[in-house]
$ cat model_9.cif   # mmCIF, C-alpha atoms and all ligand atoms
data_coords
loop_
_atom_site.group_PDB
_atom_site.id
_atom_site.type_symbol
_atom_site.label_atom_id
_atom_site.label_comp_id
_atom_site.auth_asym_id
_atom_site.auth_seq_id
_atom_site.Cartn_x
_atom_site.Cartn_y
_atom_site.Cartn_z
ATOM 1 C CA MET A 188 -80.800 18.282 -20.974
ATOM 2 C CA LYS A 189 -80.364 14.545 -20.237
ATOM 3 C CA ARG A 190 -77.412 14.418 -22.693
ATOM 4 C CA ASN A 191 -75.713 17.405 -20.950
ATOM 5 C CA TYR A 192 -76.109 15.736 -17.591
ATOM 6 C CA LEU A 193 -74.551 12.536 -18.915
ATOM 7 C CA ALA A 194 -71.650 14.445 -20.473
ATOM 8 C CA THR A 195 -70.913 16.312 -17.213
ATOM 9 C CA LEU A 196 -71.054 13.029 -15.319
ATOM 10 C CA MET A 197 -68.609 11.391 -17.717
ATOM 11 C CA VAL A 198 -66.148 14.309 -17.569
ATOM 12 C CA SER A 199 -66.178 14.372 -13.764
ATOM 13 C CA GLU A 200 -65.776 10.555 -13.669
ATOM 14 C CA VAL A 201 -62.817 10.731 -16.002
ATOM 15 C CA SER A 202 -61.121 13.557 -14.098
ATOM 16 C CA LEU A 203 -61.776 11.751 -10.797
ATOM 17 C CA HIS A 204 -60.322 8.580 -12.238
ATOM 18 C CA PHE A 205 -57.358 10.445 -13.713
ATOM 19 C CA GLY A 206 -56.648 12.131 -10.321
ATOM 20 C CA ILE A 207 -56.583 8.762 -8.524
ATOM 21 C CA ASN A 208 -54.294 7.335 -11.156
ATOM 22 C CA GLN A 209 -51.971 10.288 -10.811
ATOM 23 C CA LYS A 210 -51.868 9.751 -7.041
ATOM 24 C CA ILE A 211 -51.126 6.087 -7.536
ATOM 25 C CA THR A 212 -48.432 6.964 -10.069
ATOM 26 C CA ASN A 213 -46.828 9.506 -7.675
ATOM 27 C CA ASN A 214 -46.875 7.022 -4.812
ATOM 28 C CA ALA A 215 -45.333 4.352 -6.985
ATOM 29 C CA LYS A 216 -42.654 6.784 -8.139
ATOM 30 C CA ARG A 217 -41.866 7.720 -4.545
ATOM 31 C CA LYS A 218 -41.704 4.084 -3.513
ATOM 32 C CA PHE A 219 -39.470 3.318 -6.472
ATOM 33 C CA LEU A 220 -37.118 6.152 -5.458
ATOM 34 C CA TYR A 221 -37.013 4.901 -1.865
ATOM 35 C CA VAL A 222 -36.195 1.402 -3.087
ATOM 36 C CA LEU A 223 -33.539 2.763 -5.440
ATOM 37 C CA LEU A 224 -31.992 4.865 -2.677
ATOM 38 C CA GLY A 225 -32.284 2.261 0.091
ATOM 39 C CA PHE A 226 -31.331 -0.857 -1.760
ATOM 40 C CA ILE A 227 -29.057 0.300 -4.541
ATOM 41 C CA ILE A 228 -27.554 3.784 -4.198
ATOM 42 C CA LEU A 229 -26.964 3.828 -0.421
ATOM 43 C CA PRO A 230 -25.238 0.434 -0.342
ATOM 44 C CA ILE A 231 -23.015 1.538 -3.244
ATOM 45 C CA ILE A 232 -22.038 4.716 -1.356
ATOM 46 C CA LEU A 233 -21.378 2.766 1.860
ATOM 47 C CA TYR A 234 -19.488 0.068 -0.040
ATOM 48 C CA LYS A 235 -17.242 2.636 -1.706
ATOM 49 C CA ALA A 236 -16.698 4.589 1.509
ATOM 50 C CA PHE A 237 -16.083 1.735 3.907
ATOM 51 C CA TYR A 238 -15.684 -1.571 2.171
ATOM 52 C CA LYS A 239 -13.437 -0.702 -0.733
ATOM 53 C CA PHE A 240 -11.080 1.443 1.221
ATOM 54 C CA LYS A 241 -8.281 3.802 0.413
ATOM 55 C CA ILE A 242 -4.680 2.711 0.979
ATOM 56 C CA PRO A 243 -2.745 5.859 1.838
ATOM 57 C CA TYR A 244 0.713 4.426 1.383
ATOM 58 C CA ILE A 245 2.202 1.075 0.510
ATOM 59 C CA GLU A 246 5.678 -0.174 -0.287
ATOM 60 C CA ILE A 247 6.328 -2.944 -2.788
ATOM 61 C CA ALA A 248 9.707 -4.588 -2.205
ATOM 62 C CA VAL A 249 10.714 -5.951 -5.609
ATOM 63 C CA THR A 250 14.173 -7.220 -4.778
ATOM 64 C CA ALA A 251 16.414 -8.064 -1.844
ATOM 65 C CA LYS A 252 19.529 -7.412 -3.942
ATOM 66 C CA CYS A 253 21.466 -4.298 -3.085
ATOM 67 C CA ASN A 254 24.869 -3.018 -4.118
ATOM 68 C CA LEU A 255 25.332 -1.391 -0.704
ATOM 69 C CA LYS A 256 25.538 -2.928 2.698
ATOM 70 C CA CYS A 257 24.445 -0.278 5.123
ATOM 71 C CA GLU A 258 24.894 -0.708 8.847
ATOM 72 C CA GLY A 259 21.533 -0.632 10.584
ATOM 73 C CA CYS A 260 19.547 -1.070 7.337
ATOM 74 C CA SER A 261 15.946 -0.852 8.551
ATOM 75 C CA ASN A 262 14.892 -3.251 5.777
ATOM 76 C CA LEU A 263 17.388 -5.901 6.943
ATOM 77 C CA MET A 264 18.916 -6.367 3.476
ATOM 78 C CA PRO A 265 22.427 -7.252 4.717
ATOM 79 C CA TYR A 266 20.904 -10.273 6.509
ATOM 80 C CA TYR A 267 20.137 -11.989 3.176
ATOM 81 C CA LYS A 268 22.887 -14.478 2.366
ATOM 82 C CA SER A 269 21.638 -15.108 -1.195
ATOM 83 C CA PRO A 270 19.443 -12.137 -2.004
ATOM 84 C CA GLY A 271 17.203 -12.458 -5.042
ATOM 85 C CA HIS A 272 14.555 -10.633 -7.040
ATOM 86 C CA VAL A 273 10.843 -11.217 -6.580
ATOM 87 C CA ASP A 274 9.414 -12.920 -9.651
ATOM 88 C CA ILE A 275 7.678 -10.288 -11.783
ATOM 89 C CA THR A 276 4.563 -12.439 -12.146
ATOM 90 C CA LEU A 277 4.216 -12.483 -8.379
ATOM 91 C CA VAL A 278 4.827 -8.733 -8.096
ATOM 92 C CA LYS A 279 2.115 -8.083 -10.684
ATOM 93 C CA ARG A 280 -0.322 -10.463 -9.010
ATOM 94 C CA THR A 281 0.076 -8.802 -5.614
ATOM 95 C CA ILE A 282 -0.385 -5.341 -7.150
ATOM 96 C CA ASN A 283 -3.479 -6.595 -8.930
ATOM 97 C CA THR A 284 -4.909 -7.955 -5.667
ATOM 98 C CA LEU A 285 -4.333 -4.625 -3.940
ATOM 99 C CA LEU A 286 -6.053 -2.809 -6.790
ATOM 100 C CA GLN A 287 -9.055 -5.114 -6.567
ATOM 101 C CA ALA A 288 -9.313 -4.659 -2.798
ATOM 102 C CA SER A 289 -9.005 -0.880 -2.646
ATOM 103 C CA ARG A 290 -10.593 2.054 -4.383
ATOM 104 C CA GLU A 291 -7.437 4.194 -4.232
ATOM 105 C CA ILE A 292 -3.753 3.802 -3.484
ATOM 106 C CA THR A 293 -2.513 7.295 -2.796
ATOM 107 C CA ILE A 294 1.195 6.475 -2.871
ATOM 108 C CA MET A 295 2.645 3.203 -4.136
ATOM 109 C CA LYS A 296 6.371 3.072 -3.551
ATOM 110 C CA PHE A 297 8.764 0.575 -5.137
ATOM 111 C CA ILE A 298 11.721 -0.284 -2.985
ATOM 112 C CA GLY A 299 14.449 -2.908 -2.672
ATOM 113 C CA GLY A 300 17.199 -3.639 -1.992
ATOM 114 C CA GLU A 301 18.066 -1.371 -4.853
ATOM 115 C CA PRO A 302 15.148 -1.347 -7.315
ATOM 116 C CA PHE A 303 17.318 -0.393 -10.320
ATOM 117 C CA LEU A 304 19.073 -3.745 -10.031
ATOM 118 C CA TYR A 305 15.734 -5.280 -10.977
ATOM 119 C CA ASP A 306 15.503 -5.497 -14.780
ATOM 120 C CA ASN A 307 11.738 -6.056 -14.712
ATOM 121 C CA LEU A 308 11.014 -3.010 -12.605
ATOM 122 C CA TYR A 309 9.388 -1.221 -15.553
ATOM 123 C CA LEU A 310 6.732 -3.954 -15.852
ATOM 124 C CA ALA A 311 5.559 -3.391 -12.281
ATOM 125 C CA VAL A 312 5.782 0.394 -12.626
ATOM 126 C CA GLU A 313 3.815 0.357 -15.878
ATOM 127 C CA GLN A 314 1.108 -1.775 -14.301
ATOM 128 C CA ALA A 315 0.780 0.684 -11.409
ATOM 129 C CA SER A 316 0.931 3.808 -13.566
ATOM 130 C CA GLY A 317 -1.700 2.383 -15.901
ATOM 131 C CA SER A 318 -4.227 2.166 -13.085
ATOM 132 C CA GLU A 319 -6.339 5.215 -12.265
ATOM 133 C CA ALA A 320 -6.592 4.006 -8.651
ATOM 134 C CA VAL A 321 -2.852 4.521 -8.125
ATOM 135 C CA ARG A 322 -2.461 8.267 -7.699
ATOM 136 C CA ASN A 323 1.276 8.600 -7.148
ATOM 137 C CA ILE A 324 4.231 6.316 -7.652
ATOM 138 C CA GLU A 325 7.565 6.675 -5.928
ATOM 139 C CA ILE A 326 10.734 4.678 -6.364
ATOM 140 C CA THR A 327 13.383 4.821 -3.678
ATOM 141 C CA THR A 328 16.944 4.412 -4.869
ATOM 142 C CA ASN A 329 20.332 4.778 -3.237
ATOM 143 C CA GLY A 330 21.348 6.844 -6.276
ATOM 144 C CA THR A 331 24.266 4.683 -7.347
ATOM 145 C CA ILE A 332 22.731 2.657 -10.199
ATOM 146 C CA LEU A 333 21.773 4.254 -13.502
ATOM 147 C CA PRO A 334 18.458 2.925 -14.886
ATOM 148 C CA LYS A 335 18.715 1.719 -18.479
ATOM 149 C CA GLU A 336 16.373 1.312 -21.460
ATOM 150 C CA ARG A 337 12.821 0.498 -20.379
ATOM 151 C CA ASN A 338 13.588 1.055 -16.690
ATOM 152 C CA LEU A 339 14.530 4.614 -17.656
ATOM 153 C CA GLU A 340 11.712 5.100 -20.190
ATOM 154 C CA CYS A 341 9.005 4.124 -17.678
ATOM 155 C CA LEU A 342 10.055 6.948 -15.366
ATOM 156 C CA LYS A 343 8.946 9.614 -17.846
ATOM 157 C CA ASN A 344 5.493 9.841 -16.385
ATOM 158 C CA ASP A 345 3.911 12.629 -14.323
ATOM 159 C CA LYS A 346 2.726 10.192 -11.683
ATOM 160 C CA ILE A 347 6.245 8.978 -10.957
ATOM 161 C CA LYS A 348 8.846 10.520 -8.702
ATOM 162 C CA LEU A 349 12.240 9.123 -7.804
ATOM 163 C CA ILE A 350 13.316 9.491 -4.202
ATOM 164 C CA ILE A 351 17.098 9.514 -3.981
ATOM 165 C CA SER A 352 18.392 8.658 -0.529
ATOM 166 C CA GLU A 353 21.665 10.509 -0.217
ATOM 167 C CA TYR A 354 24.193 9.135 2.234
ATOM 168 C CA PRO A 355 27.546 10.686 3.032
ATOM 169 C CA ALA A 356 29.362 7.547 1.772
ATOM 170 C CA VAL A 357 27.910 7.475 -1.762
ATOM 171 C CA SER A 358 27.320 9.888 -4.632
ATOM 172 C CA SER A 359 24.192 10.224 -6.778
ATOM 173 C CA LYS A 360 25.640 12.911 -9.077
ATOM 174 C CA ARG A 361 25.568 10.775 -12.254
ATOM 175 C CA LEU A 362 22.019 9.635 -11.647
ATOM 176 C CA ILE A 363 20.812 13.207 -11.091
ATOM 177 C CA GLU A 364 22.403 14.296 -14.393
ATOM 178 C CA LEU A 365 20.677 11.425 -16.192
ATOM 179 C CA LEU A 366 17.300 12.252 -14.657
ATOM 180 C CA GLU A 367 17.591 15.910 -15.574
ATOM 181 C CA GLU A 368 18.587 15.031 -19.140
ATOM 182 C CA ASN A 369 15.478 12.853 -19.397
ATOM 183 C CA GLN A 370 13.193 15.222 -17.474
ATOM 184 C CA VAL A 371 12.334 12.680 -14.810
ATOM 185 C CA LYS A 372 10.882 14.015 -11.549
ATOM 186 C CA TYR A 373 13.056 13.367 -8.533
ATOM 187 C CA GLU A 374 13.680 14.463 -4.998
ATOM 188 C CA THR A 375 16.815 14.030 -2.925
ATOM 189 C CA ARG A 376 16.582 13.207 0.749
ATOM 190 C CA GLN A 377 19.701 13.709 2.805
ATOM 191 C CA PHE A 378 20.128 11.400 5.711
ATOM 192 C CA GLU A 379 22.933 12.218 8.091
ATOM 193 C CA ASN A 380 21.634 9.797 10.695
ATOM 194 C CA TRP A 381 18.934 7.229 11.052
ATOM 195 C CA GLU A 382 17.355 5.263 13.859
ATOM 196 C CA ASP A 383 18.984 2.035 14.965
ATOM 197 C CA TYR A 384 16.364 -0.688 15.202
ATOM 198 C CA GLY A 385 18.903 -3.086 16.679
ATOM 199 C CA ASP A 386 19.473 -6.785 16.217
ATOM 200 C CA LEU A 387 16.835 -9.472 15.859
ATOM 201 C CA CYS A 388 16.924 -10.901 19.388
ATOM 202 C CA LYS A 389 13.691 -11.200 21.319
ATOM 203 C CA ARG A 390 13.373 -8.321 23.797
ATOM 204 C CA GLY A 391 10.505 -9.566 25.958
ATOM 205 C CA TYR A 392 8.662 -6.236 26.164
ATOM 206 C CA SER A 393 5.400 -6.045 28.062
ATOM 207 C CA GLU A 394 2.179 -5.769 26.071
ATOM 208 C CA LYS A 395 1.892 -2.133 27.167
ATOM 209 C CA ASP A 396 5.392 -1.333 25.851
ATOM 210 C CA LEU A 397 4.765 -3.177 22.578
ATOM 211 C CA ARG A 398 1.661 -1.082 21.996
ATOM 212 C CA ARG A 399 3.510 2.121 22.898
ATOM 213 C CA SER A 400 6.486 1.299 20.676
ATOM 214 C CA PHE A 401 4.212 0.560 17.741
ATOM 215 C CA ARG A 402 2.241 3.767 18.300
ATOM 216 C CA PHE A 403 5.368 5.922 18.169
ATOM 217 C CA CYS A 404 7.155 4.005 15.413
ATOM 218 C CA ALA A 405 7.338 5.813 12.066
ATOM 219 C CA SER A 406 7.906 2.501 10.250
ATOM 220 C CA ALA A 407 4.523 1.220 11.397
ATOM 221 C CA GLU A 408 3.029 3.359 8.609
ATOM 222 C CA CYS A 409 5.175 1.631 5.973
ATOM 223 C CA LYS A 410 2.942 -1.289 5.074
ATOM 224 C CA THR A 411 5.108 -3.516 2.906
ATOM 225 C CA VAL A 412 4.451 -6.166 0.296
ATOM 226 C CA TYR A 413 7.194 -8.734 -0.020
ATOM 227 C CA MET A 414 6.828 -11.923 -2.069
ATOM 228 C CA ASP A 415 3.184 -12.971 -1.705
ATOM 229 C CA SER A 416 2.265 -11.143 1.506
ATOM 230 C CA LEU A 417 1.464 -7.770 2.991
ATOM 231 C CA TYR A 418 3.158 -6.882 6.290
ATOM 232 C CA THR A 419 2.928 -4.073 8.785
ATOM 233 C CA CYS A 420 6.430 -2.760 8.211
ATOM 234 C CA PRO A 421 9.641 -3.693 6.309
ATOM 235 C CA ARG A 422 11.244 -5.200 9.424
ATOM 236 C CA SER A 423 8.298 -7.490 9.962
ATOM 237 C CA ALA A 424 8.300 -8.454 6.259
ATOM 238 C CA HIS A 425 11.971 -9.289 5.934
ATOM 239 C CA GLY A 426 12.434 -10.569 9.486
ATOM 240 C CA ARG A 427 9.768 -13.146 8.783
ATOM 241 C CA ALA A 428 10.947 -13.909 5.255
ATOM 242 C CA LEU A 429 14.446 -14.495 6.639
ATOM 243 C CA GLY A 430 13.033 -16.782 9.330
ATOM 244 C CA LEU A 431 14.533 -14.556 12.035
ATOM 245 C CA ILE A 432 11.197 -13.433 13.457
ATOM 246 C CA PRO A 433 9.002 -16.413 14.301
ATOM 247 C CA VAL A 434 5.612 -16.693 12.691
ATOM 248 C CA GLN A 435 4.342 -18.772 15.581
ATOM 249 C CA GLY A 436 2.448 -16.693 18.103
ATOM 250 C CA ALA A 437 1.734 -13.872 15.687
ATOM 251 C CA GLU A 438 -1.893 -14.846 15.335
ATOM 252 C CA GLU A 439 -2.573 -14.926 19.077
ATOM 253 C CA ASN A 440 -5.604 -13.006 20.279
ATOM 254 C CA GLY A 441 -6.986 -12.855 16.770
ATOM 255 C CA ARG A 442 -4.168 -10.550 15.683
ATOM 256 C CA GLU A 443 -2.759 -11.145 12.214
ATOM 257 C CA ASP A 444 0.686 -9.854 11.364
ATOM 258 C CA SER A 445 0.483 -10.417 7.629
ATOM 259 C CA VAL A 446 -1.984 -11.077 4.850
ATOM 260 C CA ASN A 447 -1.221 -13.495 2.047
ATOM 261 C CA LEU A 448 -2.374 -11.605 -1.042
ATOM 262 C CA ILE A 449 -2.357 -14.697 -3.230
ATOM 263 C CA SER A 450 -3.938 -17.450 -1.146
ATOM 264 C CA THR A 451 -6.448 -15.458 0.929
ATOM 265 C CA PRO A 452 -9.958 -16.031 -0.458
ATOM 266 C CA LYS A 453 -11.367 -12.935 -2.150
ATOM 267 C CA LYS A 454 -14.264 -12.716 0.294
ATOM 268 C CA ASP A 455 -11.861 -12.396 3.285
ATOM 269 C CA LEU A 456 -9.269 -10.191 1.670
ATOM 270 C CA ARG A 457 -10.583 -6.709 2.456
ATOM 271 C CA ARG A 458 -11.435 -7.638 6.043
ATOM 272 C CA LYS A 459 -7.941 -9.021 6.555
ATOM 273 C CA ILE A 460 -6.191 -6.042 4.988
ATOM 274 C CA ARG A 461 -8.301 -3.658 7.072
ATOM 275 C CA GLY A 462 -7.438 -5.790 10.111
ATOM 276 C CA LEU A 463 -3.728 -5.416 9.394
ATOM 277 C CA TYR A 464 -4.113 -1.634 9.308
ATOM 278 C CA ALA A 465 -5.764 -1.783 12.744
ATOM 279 C CA VAL A 466 -3.353 -4.037 14.714
ATOM 280 C CA PRO A 467 -2.067 -2.531 18.006
ATOM 281 C CA TYR A 468 1.407 -4.019 17.386
ATOM 282 C CA VAL A 469 3.005 -6.999 15.662
ATOM 283 C CA GLN A 470 5.190 -9.885 16.770
ATOM 284 C CA ALA A 471 8.201 -8.205 15.115
ATOM 285 C CA CYS A 472 7.983 -5.267 17.568
ATOM 286 C CA ASP A 473 9.388 -7.579 20.225
ATOM 287 C CA TYR A 474 12.411 -8.191 17.965
ATOM 288 C CA CYS A 475 13.146 -4.518 17.499
ATOM 289 C CA ASN A 476 14.397 -1.640 19.671
ATOM 290 C CA ALA A 477 11.443 0.149 21.228
ATOM 291 C CA ALA A 478 10.784 3.527 19.611
ATOM 292 C CA TRP A 479 11.983 5.461 22.677
ATOM 293 C CA GLU A 480 15.179 3.407 23.043
ATOM 294 C CA ARG A 481 16.566 3.887 19.552
ATOM 295 C CA LYS A 482 19.871 5.649 19.154
ATOM 296 C CA MET A 483 20.736 7.615 16.039
ATOM 297 C CA ILE A 484 23.558 6.126 13.963
ATOM 298 C CA GLU A 485 25.375 7.371 10.873
ATOM 299 C CA SER A 486 23.209 6.652 7.843
ATOM 300 C CA GLY A 487 24.462 4.619 4.920
ATOM 301 C CA LYS A 488 27.715 3.673 6.625
ATOM 302 C CA GLN A 489 29.081 0.760 4.614
ATOM 303 C CA LYS A 490 30.095 -2.535 6.094
ATOM 304 C CA CYS A 491 31.556 -3.371 2.691
ATOM 305 C CA ILE A 492 30.448 -2.691 -0.884
ATOM 306 C CA ILE A 493 29.204 -5.592 -2.963
ATOM 307 C CA PHE A 494 29.564 -5.315 -6.734
ATOM 308 C CA LEU A 495 26.757 -7.073 -8.566
HETATM 309 S S1 LIG B 1 8.725 -4.122 14.135
HETATM 310 FE FE1 LIG B 1 7.287 -2.755 15.173
HETATM 311 S S2 LIG B 1 8.552 -1.278 16.271
HETATM 312 FE FE2 LIG B 1 9.892 -2.343 14.786
HETATM 313 S S3 LIG B 1 9.868 -1.094 12.947
HETATM 314 FE FE3 LIG B 1 8.196 -2.550 12.694
HETATM 315 S S4 LIG B 1 6.385 -1.530 13.528
HETATM 316 FE FE4 LIG B 1 8.164 -0.406 14.253
#
$ encode --input "model_9.cif" --output "structure tokens"
Amino acid sequence: MKRNYLATLMVSEVSLHFGINQKITNNAKRKFLYVLLGFIILPIILYKAFYKFKIPYIEIAVTAKCNLKCEGCSNLMPYYKSPGHVDITLVKRTINTLLQASREITIMKFIGGEPFLYDNLYLAVEQASGSEAVRNIEITTNGTILPKERNLECLKNDKIKLIISEYPAVSSKRLIELLEENQVKYETRQFENWEDYGDLCKRGYSEKDLRRSFRFCASAECKTVYMDSLYTCPRSAHGRALGLIPVQGAEENGREDSVNLISTPKKDLRRKIRGLYAVPYVQACDYCNAAWERKMIESGKQKCIIFL
């Protein structure tokens, strides 16, 4: 009788003890999950969503050399007296910086000048196409230069599409035949007219007009990398590189018109790039016809053709 009593007591003690332990274990598990969610998973989600951001579209200008000299070139190429290529090491470094700063680049476009004058183009294209973060690659050409050897080989990739700007003054027939022979994706874009951004004199627009011009300007979406820096648009990039748009004054009111992708410390890079995507206008907008004042001019009209 005494032994039975002791046995019952022991069983109930054990089950009581086991129940408490289970409760403790469940609580600990819950706490562990909260910690995991709050301190590890949630910050990763927020970091990916907001900190490492997506770049919808970016242009990489690999050369200022061009075999055409179009009137009203929005990229200001005819202003270069001694146009040159961007060193491939620098091109690759800037692409690498962009890849480190962003989680996706939806469209990376290589432009010039005329990119097929750049013998190292394939190295930059291969770097971009080898990255999963770069979803689509475009190369804009005036359709007059036939890519050779590795510059042609690198185009045979599903991610890559050639954009041929067709102007009345030039023919891209031979290039199109070559692309079809090699099954390279391409698209032709006919431009009868384009907007005239005007000369590089200071206009003296009011702040309100600068903001309005920027808001309605299609080029404001064309963030451009030239040499070591990222700019808001091609005109800002080349106007500053040419020394025709002053740098001084650009950083007033905390606004930054460009980001140096090489010298900016890593910890500031994403904040600065995000800042550039959020500017209300840039200094260059005051050296450019306001969006509502632009006339349409004949596209691709040649001042004279340069043979390189
Ligand atoms: S300078 Fe300003 S207004 Fe002119 S093209 Fe660039 S973003 Fe547009």
$ residues_near_ligand --input "model_9.cif" --ligand "ligand LIG 1 (chain B)" --cutoff "8 Å" --atoms "all atoms listed in the file" --output "VMD selection string"
chain A and resid 261 384 397 400 to 401 403 to 408 419 to 423 468 to 478
$ resolve_selection --input "model_9.cif" --expression "the PyMOL selection byres (((chain A and resi 383) around 6) and not hetatm)" --output "PyMOL selection string"
chain A and resi 259+382+384-385+481-483
$ resolve_selection --input "model_9.cif" --expression "the PyMOL selection byres (((chain A and resi 309) around 7) and not hetatm)" --output "ChimeraX atom specification"
/A:307-308,310-313,337-338,341
$ closest_residue --input "model_9.cif" --among "A:Tyr413, A:Tyr418, A:Tyr354, A:Tyr305" --to "Pro334 in chain A" --atoms "all atoms listed in the file"
A:Tyr305
$ resolve_selection --input "model_9.cif" --expression "the PyMOL selection byres (((chain A and resi 463-466) around 9) and not hetatm)" --output "NGL selection string"
:A and (408 or 410 or 417-419 or 442-446 or 458-462 or 467-469)
$ closest_residue --input "model_9.cif" --among "A:Lys490, A:Arg402, A:Lys395, A:Lys346" --to "Lys372 in chain A" --atoms "all atoms listed in the file"
A:Lys346
$ closest_residue --input "model_9.cif" --among "A:Cys260, A:Thr293, A:Thr331, A:Gln370" --to "Gly487 in chain A" --atoms "only C-alpha atoms"
A:Cys260
$ atom_distance --input "model_9.cif" --atom1 "CA of Ala288 in chain A" --atom2 "CA of Lys241 in chain A"
9.1 Å
$ atom_distance --input "model_9.cif" --atom1 "CA of Phe303 in chain A" --atom2 "CA of Ile332 in chain A"
6.2 Å
$ closest_residue --input "model_9.cif" --among "A:Pro302, A:Pro452, A:Pro243, A:Pro265" --to "Gly426 in chain A" --atoms "only C-alpha atoms"
A:Pro265
$ residues_around --input "model_9.cif" --residues "Ser289 in chain A" --least-positions-apart "6" --cutoff "8 Å" --atoms "only C-alpha atoms" --output "list in words"
Lys239, Phe240, Lys241, Ile242 and Arg457 of chain A
$ atom_distance --input "model_9.cif" --atom1 "CA of Glu258 in chain A" --atom2 "CA of Val412 in chain A"
22.8 Å
$ decode --input "model_9.cif" --residues "range 322-345 of chain A" --atoms "C-alpha atoms" --output "compact mmCIF listing (two decimals), in the first residue's frame"
# COMPACT_ATOMS: atom_id res chain seq x y z
CA ARG A 322 18.64 41.84 -65.69
CA ASN A 323 18.90 43.42 -69.13
CA ILE A 324 21.70 44.97 -71.12
CA GLU A 325 21.25 47.39 -73.98
CA ILE A 326 23.83 48.94 -76.25
CA THR A 327 22.92 52.03 -78.22
CA THR A 328 24.64 52.40 -81.56
CA ASN A 329 24.24 54.76 -84.49
CA GLY A 330 24.28 51.68 -86.72
CA THR A 331 27.26 52.68 -88.83
CA ILE A 332 30.07 50.62 -87.25
CA LEU A 333 30.21 46.85 -87.56
CA PRO A 334 31.30 45.13 -84.31
CA LYS A 335 34.19 42.71 -84.80
CA GLU A 336 35.53 39.59 -83.08
CA ARG A 337 34.88 39.64 -79.33
CA ASN A 338 32.71 42.76 -79.53
CA LEU A 339 30.44 40.76 -81.84
CA GLU A 340 30.71 37.47 -79.91
CA CYS A 341 29.66 39.08 -76.61
CA LEU A 342 26.36 40.18 -78.13
CA LYS A 343 25.16 36.59 -78.53
CA ASN A 344 23.48 36.56 -75.17
CA ASP A 345 19.76 36.57 -74.32
